[in-house]
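The structure appears right after this line, and notes come after that.
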4 protein chains.
Amino acid sequence: MPGPLNVGLVGLGRMGRVYAQNLAQRVPGARLAAVADEKADLAQAVAKEFEVPKSYGSHRNLLTDKDVDAIVIVTSTSTHKDVIVDAARAGKAIFCEKPMALSLADARETMRIVEKAGVFFQMAFQRRFDASYVAAKKKIDEGVIGVPVLMTSTSRDPFRPPLEFCDPKVSGGFIADMGVHDFDVARMFMGEVRSVHAIGGALAYPEMKTVGDIDNAIISMTFENDTIGVVNLSRSAVFGYDIRGEIWGTKGSIQIGFLQQTPIVVMTETGITHDAVPHFMQRFERAYLTQIQDFVDHVRTGQKPSITGHDAIAAMRISLAAARSHKENRPVQVREIDAGQ
Amino acid sequence: MPGPLNVGLVGLGRMGRVYAQNLAQRVPGARLAAVADEKADLAQAVAKEFEVPKSYGSHRNLLTDKDVDAIVIVTSTSTHKDVIVDAARAGKAIFCEKPMALSLADARETMRIVEKAGVFFQMAFQRRFDASYVAAKKKIDEGVIGVPVLMTSTSRDPFRPPLEFCDPKVSGGFIADMGVHDFDVARMFMGEVRSVHAIGGALAYPEMKTVGDIDNAIISMTFENDTIGVVNLSRSAVFGYDIRGEIWGTKGSIQIGFLQQTPIVVMTETGITHDAVPHFMQRFERAYLTQIQDFVDHVRTGQKPSITGHDAIAAMRISLAAARSHKENRPVQVREIDAGQ
Amino acid sequence: MPGPLNVGLVGLGRMGRVYAQNLAQRVPGARLAAVADEKADLAQAVAKEFEVPKSYGSHRNLLTDKDVDAIVIVTSTSTHKDVIVDAARAGKAIFCEKPMALSLADARETMRIVEKAGVFFQMAFQRRFDASYVAAKKKIDEGVIGVPVLMTSTSRDPFRPPLEFCDPKVSGGFIADMGVHDFDVARMFMGEVRSVHAIGGALAYPEMKTVGDIDNAIISMTFENDTIGVVNLSRSAVFGYDIRGEIWGTKGSIQIGFLQQTPIVVMTETGITHDAVPHFMQRFERAYLTQIQDFVDHVRTGQKPSITGHDAIAAMRISLAAARSHKENRPVQVREIDAGQ
Amino acid sequence: MPGPLNVGLVGLGRMGRVYAQNLAQRVPGARLAAVADEKADLAQAVAKEFEVPKSYGSHRNLLTDKDVDAIVIVTSTSTHKDVIVDAARAGKAIFCEKPMALSLADARETMRIVEKAGVFFQMAFQRRFDASYVAAKKKIDEGVIGVPVLMTSTSRDPFRPPLEFCDPKVSGGFIADMGVHDFDVARMFMGEVRSVHAIGGALAYPEMKTVGDIDNAIISMTFENDTIGVVNLSRSAVFGYDIRGEIWGTKGSIQIGFLQQTPIVVMTETGITHDAVPHFMQRFERAYLTQIQDFVDHVRTGQKPSITGHDAIAAMRISLAAARSHKENRPVQVREIDAGQ
């Protein structure tokens with residue numbers, strides 16, 4: 001086994017700190033060599049807290065650091081393209097939080113540069129590393145449920161983000177922002193998507209209309225292999241974070257569910273109840289750790305990335321087709337979304 | 001309370017026998033006065049088994065029996081219209097198993113005659129009498145989950161019928177045959193449907209193609225009040241009969257589920273498992289009883305029917321819109337389905 | 001099949017009315033021919049409601065009625081012996097709600113008279129007719145969990161009865177009153193009990209001390225075949241009626257549970273919750289019906305009773321041993337409880 | 001915050017390796033400075049794998065290492081006393097896997113020496129750090145279920161250890177070996193135990209008799225505050241590792257359960273099933289990590305140990321009383337077990 005992978009982390013917001021802690025303390029084989037954030041003070045503070053040797057106010061400076069072998073990008077989406085491109089040109093291995101870019105054109109251009117540079121590039125889709133999705137995939141690959149023919153996937157946030165983050169120009173739109181994991185999972189379980197049809201509305205938060213977005217949606221999908229699926233999305237699961245799925249096969253089905261954070265049940269006069277999962281970090285804490293470990297291991301041992309930029313683009317195209325379907329109220333073929341040259 | 005309602009039962013197949021037993025032995029206020037079936041021998045045998053005074057080989061003879069106040073129709077769908085019309089003209093109170101007719105035109109003509117005759121007419125939708133749907137409706141009416149904004153409804157049969165019954169000319173087609181209860185429940189929870197979009201295929205049983213039908217479908221729905229819903233249908237739930245639903249509101253959600261027939265869990269080396277519900281009669285046995293009791297009570301006490309022919313027609317129109325959507329691969333407005341004069 | 005069984009029902013309290021309805025309306029093969037209650041007015045009213053031909057103010061008069069083939073006894077426990085003895089001497093088939101008597105001596109004397117008279121005699125233990133216990137027994141008999149080696153059984157009432165009914169002279173004491181079904185089930189699953197040890201106290205309702213009884217208890221048991229078990233009893237399951245059990249075998253286990261009355265789950269800001277079972281009649285409604293149907297069928301077809309007076313005496317002896325163990329704070333052999341001549 | 005705690009780890013069997021990985025890679029604030037094992041080769045190999053600077057063949061050599069501030073003891077139980085005493089005399093902070101010693105006398109003598117030395121001493125009871133027990137304790141402390149009056153605790157291993165480890169001279173006996181966590185949890189939820197009564201037998205593995213031990217037991221307990229409890233123990237949960245508990249209070253109950261390793265449900269023709277928890281490390285992996293983190297944090301920040309040697313002795317006395325109760329078939333007062341001077 002080679003020496004540890006020296007990682008530079010860019011972007012130190014809430015998610016960035018989770019990556020900092022994982023890389024500094026919990027990922028064998030990784031060494032958090034440097035952190036960077038536009039707020040140089042924040043970078044210094046995080047470096048001190050997690051005993052990181054160096055901190056920078058600009059990702060460009062971090063990229064010139066010879067101690068840095070690989071870069072983990074957790075900045076705001078609008079900067080992803082620039083940081084990826086700079087890192088690719090600097091020859092670093094790259095891990096990028098989703099989404100890769102806000103537009104399909106940017107994502108494609110980014111991938112062209114990455115591929116030309118020939119660097120290792122891995123996208124984040126933490127759900128693929130979650131124990132329940134991994135177990136479901138394994139059962140399916142073992143043939144336990146025969147051939148999958150229909151899938152459902154539900155993602156519900158417990159509340160909407162502040163309105164300024166709901167603007168589709170910032171968020172990429174509700175369908176893409178909430179649904180991209182479901183679309184990725186759909187591809188993992190069923191294959192490529194041929195067409196989608198989306199319905200939805202600003203049903204729980206009428207104020208969403210002021211930013212031109214919606215808060216609940218249903219997206220039905222036909223796959224290239226003629227199987228079918230449906231994704232249910234919501235921002236109003238007031239009881240907690242709610243991620244579920246079901247794959248129906250010719251010989252059985254698999255349900256994936258996780259409504260409960262601790263396995264206790266409380267029984268009082270007001271009913272029989274249990275705790276819920278408050279939000280995504282509680283639900284996927286371990287998947288995030290497994291995912292970044294996977295990146296470090298693959299870079300160190302020269303394996304191919306588990307999730308490529310093409311996976312990210314594929315999920316993005318489904319999102320765009322779904323958003324167009326909702327706007328035009330008709331089924332949309334994914335191939336209508338420009339597939340690039 | 002008036003005297004017992006003298007009921008004549010027409011159609012003594014598998015479901016007919018269930019009605020015979022319920023009416024003869026389990027429904028206070030009802031007296032099973034006569035049974036009829038085209039097979040006069042069968043009618044005689046059933047009459048003997050359940051101690052019914054009279055049996056007939058034709059529903060027309062039963063309708064001339066002055067001892068019969070009300071008629072319960074469990075014949076094959078193709079005869080529903082004739083029996084209803086004859087019963088209406090004979091002035092009997094009528095209970096009819098779903099569906100009312102195979103075509104919308106027939107259903108409408110039937111209703112015109114029924115309304116002209118002014119007789120009591122109730123359609124069967126046993127799911128409305130099932131304890132879990134009743135409890136969910138009550139919670140919603142109490143405001144527990146706020147305003148419903150999205151609903152899902154899943155119906156899965158454990159196996160397909162024999163191919164000869166799968167022919168859409170006999171069954172009315174998979175979407176109508178399997179989904180009509182879901183469409184009815186959708187109306188109960190969310191209101192009238194504005195448009196539907198259906199996808200599906202012969203995915204589990206390729207031989208379905210030979211009769212021109214499918215075996216799995218997803219139907220997304222937009223309601224008149226702008227809320228949304230989705231119905232998932234299947235004939236291949238090999239583990240058992242699977243009826244579930246979920247209503248998402250602004251203040252919470254309600255799941256309806258019933259995968260387990262007896263509340264026991266078996267834990268062995270092969271896993272932790274429980275029994276499943278084998279088929280619809282095990283799942284809805286009690287709902288069927290409650291439903292026919294409701295009919296008898298309403299007729300006896302002069303109340304209006306709980307479920308009208310218009311309810312049946314409304315669900316039928318959604319089914320037809322969904323079938324057309326699947327055929328034409330586009331969203332279909334329910335109003336495109338001729339609403340009659 | 002012979003003609004219907006003409007049943008006389010004695011005792012028309014809350015449970016008596018349930019039997020009246022079942023016998024009058026829901027049990028094929030039974031005809032409720034007469035009812036009796038010390039309150040003749042009540043007997044008349046019930047007779048009218050359920051269209052029973054005759055009503056009496058005394059069970060003795062009912063027993064002289066030639067139209068009555070069998071008697072169902074739902075009177076207060078203190079009168080059971082007298083009614084049974086009178087019925088046995090009148091040659092009627094007898095069904096008796098539990099317990100058979102308040103003292104073991106009375107129970108034994110009663111059985112001697114019953115056996116001398118040679119009449120059909122069946123005791124009520126409705127749990128043996130509950131679908132979950134029946135299914136568990138079937139799995140065990142099929143060998144699914146190998147040889148049973150340990151069992152647990154939990155019975156919890158949602159509240160205590162009014163204090164005047166808690167007096168052990170009336171109730172027979174908490175351990176017997178609550179535990180007799182668990183002791184009967186223990187015998188059904190594991191075999192005869194050799195010794196018991198009981199602990200407990202007036203822990204939830206201190207006022208129980210004023211009547212000399214307790215409200216929570218744990219009774220551990222060793223069976224004749226050296227296997228072991230434990231019964232947990234409580235009067236303070238404020239969330240609802242709680243009946244559970246588990247049988248551990250050499251090849252697996254079976255859990256029996258039923259905390260939920262309807263299969264719906266409600267998810268709101270206050271948590272994820274479901275309804276509970278309010279009390280025993282909701283939980284065992286169907287078992288009571290199945291049980292009385294079993295009595296009617298067995299009498300009509302000349303089969304032996306499903307549950308005998310000896311079963312009742314066996315459960316009573318375990319109760320008495322447990323009460324003595326609690327009092328003397330030592331393990332008590334069931335054979336210490338006088339086994340009769 | 002002070003500098004990292006330099007930990008020496010003694011004992012590198014299966015559990016020792018888990019501690020090595022946790023201390024080397026997952027516990028912020030800890031530095032695994034040295035490892036020791038009687039097998040010096042093994043110590044070298046583990047040191048290399050986890051990049052530990054030093055390795056030793058004897059705990060005594062490790063204890064003279066000035067770089068070692070604290071010691072974590074995961075050796076076989078028979079050596080615990082010696083290692084603890086040596087470490088105490090060397091002035092190291094001590095963390096010791098349970099049990100502290102095989103005999104009560106040894107445990108007491110050990111504690112006297114530890115206390116005289118004045119070193120930090122913490123015992124391992126990982127269940128106290130498991131999310132479900134922590135959540136249950138929190139609910140109880142918040143008064144959610146009122147005053148606890150009855151508790152049940154179930155621990156079941158999926159199989160028995162090899163016979164040579166079942167000898168009570170090695171294992172301390174089935175009741176102590178399996179039950180000590182339950183007894184500790186009982187103290188945590190309910191308070192001190194006054195008396196116990198145990199029944200059990202070699203019911204699943206008759207060969208246990210050859211080593212003079214049993215494989216299933218029920219231990220009922222009365223607490224000093226008059227509340228009651230029961231512990232169910234087994235070595236034959238062939239379906240998986242099974243840890244459950246329930247606390248009954250005056251205002252409600254809390255169930256703790258964990259039969260499922262991943263939240264997926266598989267539904268096929270053979271039934272509806274889910275994965276089980278294979279063994280204790282899968283169930284308590286995170287609790288072990290949290291526990292050792294707690295030790296490191298408490299030593300570094302000068303807080304008192306979370307779990308003391310007195311806690312270990314208290315649980316040991318309950319185990320001994322239970323074993324005596326089983327042997328003598330009578331309730332045993334815990335105070336009968338010599339409480340030391």
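Labels for the structure tokens follow display order: chains A, B, ..., residues from 1 in each chain, ligands from 1.
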
Could you find all residues in stretch 72-286 of chain C that DSSP calls helix (DSSP H, G or I) from the backbone, and write them as a ChimeraX atom specification? /C:77-89,104-117,126-129,131-141,163-166,168-171,174-190,206-211,280-286

Counting only C-alpha atoms, what are the residues of chain B within 10 Å of chain A, and for each of them which pair of atoms is the nearest and at what distance in Å, to one decimal? Sort the table by chain and rising number, as a tab-separated table.
residue	atom	partner	partner_atom	distance
B:Ile145	CA	A:Val238	CA	9.6
B:Gly146	CA	A:Ala204	CA	9.7
B:Val147	CA	A:Ala204	CA	8.3
B:Pro148	CA	A:Ala204	CA	9.0
B:Val149	CA	A:Leu203	CA	6.0
B:Leu150	CA	A:Asn216	CA	7.6
B:Met151	CA	A:Asn232	CA	9.7
B:Thr152	CA	A:Asn232	CA	8.9
B:Pro158	CA	A:Gly252	CA	10.0
B:Val196	CA	A:Ile199	CA	9.8
B:His197	CA	A:His197	CA	8.0
B:Ala198	CA	A:Ser220	CA	8.5
B:Ile199	CA	A:Ile228	CA	7.1
B:Gly200	CA	A:Ile228	CA	6.4
B:Gly201	CA	A:Asp226	CA	7.1
B:Ala202	CA	A:Thr227	CA	9.1
B:Leu203	CA	A:Val149	CA	6.0
B:Ala204	CA	A:Thr250	CA	5.4
B:Tyr205	CA	A:Thr250	CA	8.4
B:Asn216	CA	A:Leu150	CA	7.6
B:Ala217	CA	A:Ile228	CA	7.6
B:Ile218	CA	A:Ser220	CA	7.2
B:Ile219	CA	A:Ser220	CA	8.1
B:Ser220	CA	A:Ile218	CA	7.2
B:Met221	CA	A:Ile199	CA	7.9
B:Thr222	CA	A:Ile199	CA	7.2
B:Asn225	CA	A:Leu203	CA	9.8
B:Asp226	CA	A:Gly201	CA	7.1
B:Thr227	CA	A:Leu203	CA	6.7
B:Ile228	CA	A:Gly200	CA	6.4
B:Gly229	CA	A:Ile218	CA	7.3
B:Val230	CA	A:Ile218	CA	7.3
B:Val231	CA	A:Val230	CA	9.8
B:Asn232	CA	A:Val230	CA	8.7
B:Leu233	CA	A:Leu150	CA	9.7
B:Ser234	CA	A:Leu150	CA	9.0
B:Arg235	CA	A:Thr250	CA	9.8
B:Ser236	CA	A:Thr250	CA	6.4
B:Ala237	CA	A:Gly252	CA	6.4
B:Val238	CA	A:Gly252	CA	5.9
B:Phe239	CA	A:Gly252	CA	6.4
B:Gly240	CA	A:Gly252	CA	9.6
B:Trp248	CA	A:Ala237	CA	7.9
B:Gly249	CA	A:Ala204	CA	7.8
B:Thr250	CA	A:Ala204	CA	5.4
B:Lys251	CA	A:Val238	CA	6.2
B:Gly252	CA	A:Val238	CA	5.9
B:Ser253	CA	A:Ala237	CA	7.5
B:Asn329	CA	A:Pro331	CA	7.4
B:Arg330	CA	A:Arg330	CA	6.1
B:Pro331	CA	A:Arg330	CA	6.3
B:Val332	CA	A:Arg330	CA	9.7

Keeping only C-alpha atoms, write the selected residues to a file as a PDB file, in the first residue's frame.
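Final file, out_2.pdb:
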ATOM      1  CA  ILE B 145     -51.935  16.272   8.355  1.00  0.00           C
ATOM      2  CA  GLY B 146     -53.121  19.706   7.259  1.00  0.00           C
ATOM      3  CA  VAL B 147     -54.139  20.035   3.620  1.00  0.00           C
ATOM      4  CA  PRO B 148     -53.386  16.945   1.478  1.00  0.00           C
ATOM      5  CA  VAL B 149     -51.083  17.856  -1.416  1.00  0.00           C
ATOM      6  CA  LEU B 150     -49.820  14.552  -2.811  1.00  0.00           C
ATOM      7  CA  MET B 151     -51.059  10.992  -2.693  1.00  0.00           C
ATOM      8  CA  THR B 152     -49.649   7.656  -3.718  1.00  0.00           C
ATOM      9  CA  PRO B 158     -49.846 -11.704  -6.387  1.00  0.00           C
ATOM     10  CA  VAL B 196     -53.626  11.706 -15.992  1.00  0.00           C
ATOM     11  CA  HIS B 197     -50.496  10.321 -17.569  1.00  0.00           C
ATOM     12  CA  ALA B 198     -49.825   6.608 -17.729  1.00  0.00           C
ATOM     13  CA  ILE B 199     -46.783   4.509 -18.557  1.00  0.00           C
ATOM     14  CA  GLY B 200     -46.447   0.752 -18.357  1.00  0.00           C
ATOM     15  CA  GLY B 201     -45.694  -2.457 -20.142  1.00  0.00           C
ATOM     16  CA  ALA B 202     -45.954  -6.224 -20.256  1.00  0.00           C
ATOM     17  CA  LEU B 203     -42.872  -6.437 -18.062  1.00  0.00           C
ATOM     18  CA  ALA B 204     -43.387  -9.457 -15.828  1.00  0.00           C
ATOM     19  CA  TYR B 205     -45.450 -11.654 -18.131  1.00  0.00           C
ATOM     20  CA  ASN B 216     -47.303  -3.051 -14.586  1.00  0.00           C
ATOM     21  CA  ALA B 217     -48.211   0.621 -14.801  1.00  0.00           C
ATOM     22  CA  ILE B 218     -47.582   4.003 -13.231  1.00  0.00           C
ATOM     23  CA  ILE B 219     -50.316   6.603 -13.543  1.00  0.00           C
ATOM     24  CA  SER B 220     -49.595  10.153 -12.411  1.00  0.00           C
ATOM     25  CA  MET B 221     -52.541  12.442 -11.758  1.00  0.00           C
ATOM     26  CA  THR B 222     -53.203  16.138 -11.401  1.00  0.00           C
ATOM     27  CA  ASN B 225     -57.338  21.590  -6.990  1.00  0.00           C
ATOM     28  CA  ASP B 226     -53.782  21.426  -8.444  1.00  0.00           C
ATOM     29  CA  THR B 227     -52.586  18.735  -6.038  1.00  0.00           C
ATOM     30  CA  ILE B 228     -50.905  15.654  -7.478  1.00  0.00           C
ATOM     31  CA  GLY B 229     -50.866  11.901  -7.088  1.00  0.00           C
ATOM     32  CA  VAL B 230     -49.546   8.668  -8.492  1.00  0.00           C
ATOM     33  CA  VAL B 231     -50.955   5.149  -8.739  1.00  0.00           C
ATOM     34  CA  ASN B 232     -48.631   2.151  -9.044  1.00  0.00           C
ATOM     35  CA  LEU B 233     -50.189  -1.039 -10.380  1.00  0.00           C
ATOM     36  CA  SER B 234     -48.814  -4.528 -10.778  1.00  0.00           C
ATOM     37  CA  ARG B 235     -49.822  -8.114 -11.342  1.00  0.00           C
ATOM     38  CA  SER B 236     -46.530  -9.550 -10.123  1.00  0.00           C
ATOM     39  CA  ALA B 237     -46.320  -9.179  -6.339  1.00  0.00           C
ATOM     40  CA  VAL B 238     -45.314 -12.797  -5.965  1.00  0.00           C
ATOM     41  CA  PHE B 239     -44.976 -12.453  -2.176  1.00  0.00           C
ATOM     42  CA  GLY B 240     -48.683 -11.689  -1.685  1.00  0.00           C
ATOM     43  CA  TRP B 248     -48.853  13.789   2.121  1.00  0.00           C
ATOM     44  CA  GLY B 249     -50.231  16.915   3.720  1.00  0.00           C
ATOM     45  CA  THR B 250     -48.869  20.294   4.671  1.00  0.00           C
ATOM     46  CA  LYS B 251     -48.622  19.204   8.318  1.00  0.00           C
ATOM     47  CA  GLY B 252     -47.789  15.536   8.019  1.00  0.00           C
ATOM     48  CA  SER B 253     -48.421  12.300   6.191  1.00  0.00           C
ATOM     49  CA  ASN B 329     -48.154   8.445 -24.591  1.00  0.00           C
ATOM     50  CA  ARG B 330     -49.320  11.874 -23.538  1.00  0.00           C
ATOM     51  CA  PRO B 331     -51.106  13.421 -20.577  1.00  0.00           C
ATOM     52  CA  VAL B 332     -54.860  13.148 -21.049  1.00  0.00           C
TER      53      VAL B 332
END

Determine which residues of stretch 162-335 of chain B receive a DSSP assignment of strand (DSSP E or B), computed from the backbone, and state them as an NGL selection string. :B and (193-201 or 216-223 or 228-234 or 242-249 or 252-256 or 264-268 or 271-274 or 332-333)

Env of D:Ser78: 9 Å cut, atoms = only C-alpha atoms, seq-sep filter 6 positions within chain, self excluded. Answer as a VMD selection string. chain D and resid 101 to 102 170

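Note that atom CA of D:Arg194 and atom CA of D:Phe223 are 4.9 Å apart.
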
Calculated over only C-alpha atoms, which of the candidates A:Ile292, A:Met178, A:Ile214, A:Met123 has the smallest distance to A:Phe280? A:Met178

Could you give me, as a VMD selection string, the residues within 8 Å of stretch 87-94 of chain C, counting only C-alpha atoms and dropping anything in the same chain fewer than 3 positions from it? chain C and resid 63 to 64 68 to 73 83 to 84 113 to 114 117 to 122 299

When you look at B:Val35 with a cut-off of 6 Å (counting only C-alpha atoms), what residues show up, excluding the ones that are within fewer than 2 positions of it in the same chain? I need them as a count of residues only. 4

Atom CA of A:Asn61 to atom CA of A:Val296, distance in Å rounded to a single decimal: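 Taking atom CA of A:Asn61 as the start and atom CA of A:Val296 as the end point, the length is 21.9 Å.
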
B:Asp275 surroundings by only C-alpha atoms, 8 Å radius, close-in-sequence under 5 positions cut, as an mmCIF file with N, CA, C and O atoms, in the first residue's frame:
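The result, written out as selection_26.cif:
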data_model
loop_
_atom_site.group_PDB
_atom_site.id
_atom_site.type_symbol
_atom_site.label_atom_id
_atom_site.label_comp_id
_atom_site.auth_asym_id
_atom_site.auth_seq_id
_atom_site.Cartn_x
_atom_site.Cartn_y
_atom_site.Cartn_z
ATOM 1 N N GLN B 260 -48.996 -7.777 6.166
ATOM 2 C CA GLN B 260 -48.929 -8.861 7.127
ATOM 3 C C GLN B 260 -50.326 -9.361 7.433
ATOM 4 O O GLN B 260 -51.215 -8.576 7.756
ATOM 5 N N GLN B 261 -50.548 -10.673 7.335
ATOM 6 C CA GLN B 261 -51.891 -11.152 7.621
ATOM 7 C C GLN B 261 -52.109 -11.423 9.101
ATOM 8 O O GLN B 261 -53.157 -11.122 9.645
ATOM 9 N N THR B 262 -51.118 -12.022 9.742
ATOM 10 C CA THR B 262 -51.223 -12.225 11.191
ATOM 11 C C THR B 262 -50.042 -11.523 11.851
ATOM 12 O O THR B 262 -48.953 -11.484 11.285
ATOM 13 N N ILE B 264 -47.567 -12.100 13.559
ATOM 14 C CA ILE B 264 -46.470 -12.885 14.102
ATOM 15 C C ILE B 264 -45.243 -12.694 13.229
ATOM 16 O O ILE B 264 -45.346 -12.435 12.029
ATOM 17 N N VAL B 265 -44.085 -12.806 13.869
ATOM 18 C CA VAL B 265 -42.807 -12.680 13.183
ATOM 19 C C VAL B 265 -42.018 -13.957 13.455
ATOM 20 O O VAL B 265 -41.908 -14.376 14.604
ATOM 21 N N GLY D 271 -41.533 -15.252 1.403
ATOM 22 C CA GLY D 271 -41.980 -14.444 2.530
ATOM 23 C C GLY D 271 -41.432 -13.038 2.478
ATOM 24 O O GLY D 271 -40.726 -12.648 1.553
ATOM 25 N N ILE D 272 -41.774 -12.285 3.501
ATOM 26 C CA ILE D 272 -41.321 -10.907 3.629
ATOM 27 C C ILE D 272 -40.276 -10.905 4.727
ATOM 28 O O ILE D 272 -40.558 -11.256 5.871
#

Do you have the atom CA of B:Ile175-atom CA of B:Ser325 distance handy? 10.8 Å

Tell me which protein, DNA and RNA residues are within 9 Å of D:Phe189, counting only C-alpha atoms, leaving out same-chain ones fewer than 4 positions away, and put them as a list of chain:residue names. D:Ala136, D:Lys137, D:Ile140, D:Pro148, D:Met151, D:Asp184, D:Val185, D:Ile247

Grab the residues selected above and save them as a PDB file, in the first residue's frame with N, CA and C atoms.
ATOM      1  N   ALA D 136     -33.109   6.120  25.132  1.00  0.00           N
ATOM      2  CA  ALA D 136     -34.108   5.654  26.099  1.00  0.00           C
ATOM      3  C   ALA D 136     -33.880   6.315  27.461  1.00  0.00           C
ATOM      4  N   LYS D 137     -32.628   6.370  27.868  1.00  0.00           N
ATOM      5  CA  LYS D 137     -32.315   6.991  29.165  1.00  0.00           C
ATOM      6  C   LYS D 137     -32.735   8.456  29.170  1.00  0.00           C
ATOM      7  N   ILE D 140     -36.446   8.794  29.577  1.00  0.00           N
ATOM      8  CA  ILE D 140     -36.851   8.500  30.943  1.00  0.00           C
ATOM      9  C   ILE D 140     -36.502   9.681  31.847  1.00  0.00           C
ATOM     10  N   PRO D 148     -40.348   4.688  36.120  1.00  0.00           N
ATOM     11  CA  PRO D 148     -40.190   3.293  35.678  1.00  0.00           C
ATOM     12  C   PRO D 148     -40.585   2.322  36.791  1.00  0.00           C
ATOM     13  N   MET D 151     -38.851  -3.487  34.173  1.00  0.00           N
ATOM     14  CA  MET D 151     -37.998  -3.506  32.991  1.00  0.00           C
ATOM     15  C   MET D 151     -37.748  -4.930  32.545  1.00  0.00           C
ATOM     16  N   ASP D 184     -26.059  -4.412  34.222  1.00  0.00           N
ATOM     17  CA  ASP D 184     -25.596  -3.025  34.257  1.00  0.00           C
ATOM     18  C   ASP D 184     -26.689  -2.076  33.762  1.00  0.00           C
ATOM     19  N   VAL D 185     -27.336  -2.444  32.665  1.00  0.00           N
ATOM     20  CA  VAL D 185     -28.423  -1.628  32.127  1.00  0.00           C
ATOM     21  C   VAL D 185     -29.576  -1.544  33.132  1.00  0.00           C
ATOM     22  N   ILE D 247     -38.736  -0.684  29.059  1.00  0.00           N
ATOM     23  CA  ILE D 247     -38.931  -0.099  30.381  1.00  0.00           C
ATOM     24  C   ILE D 247     -40.373   0.363  30.460  1.00  0.00           C
TER      25      ILE D 247
END
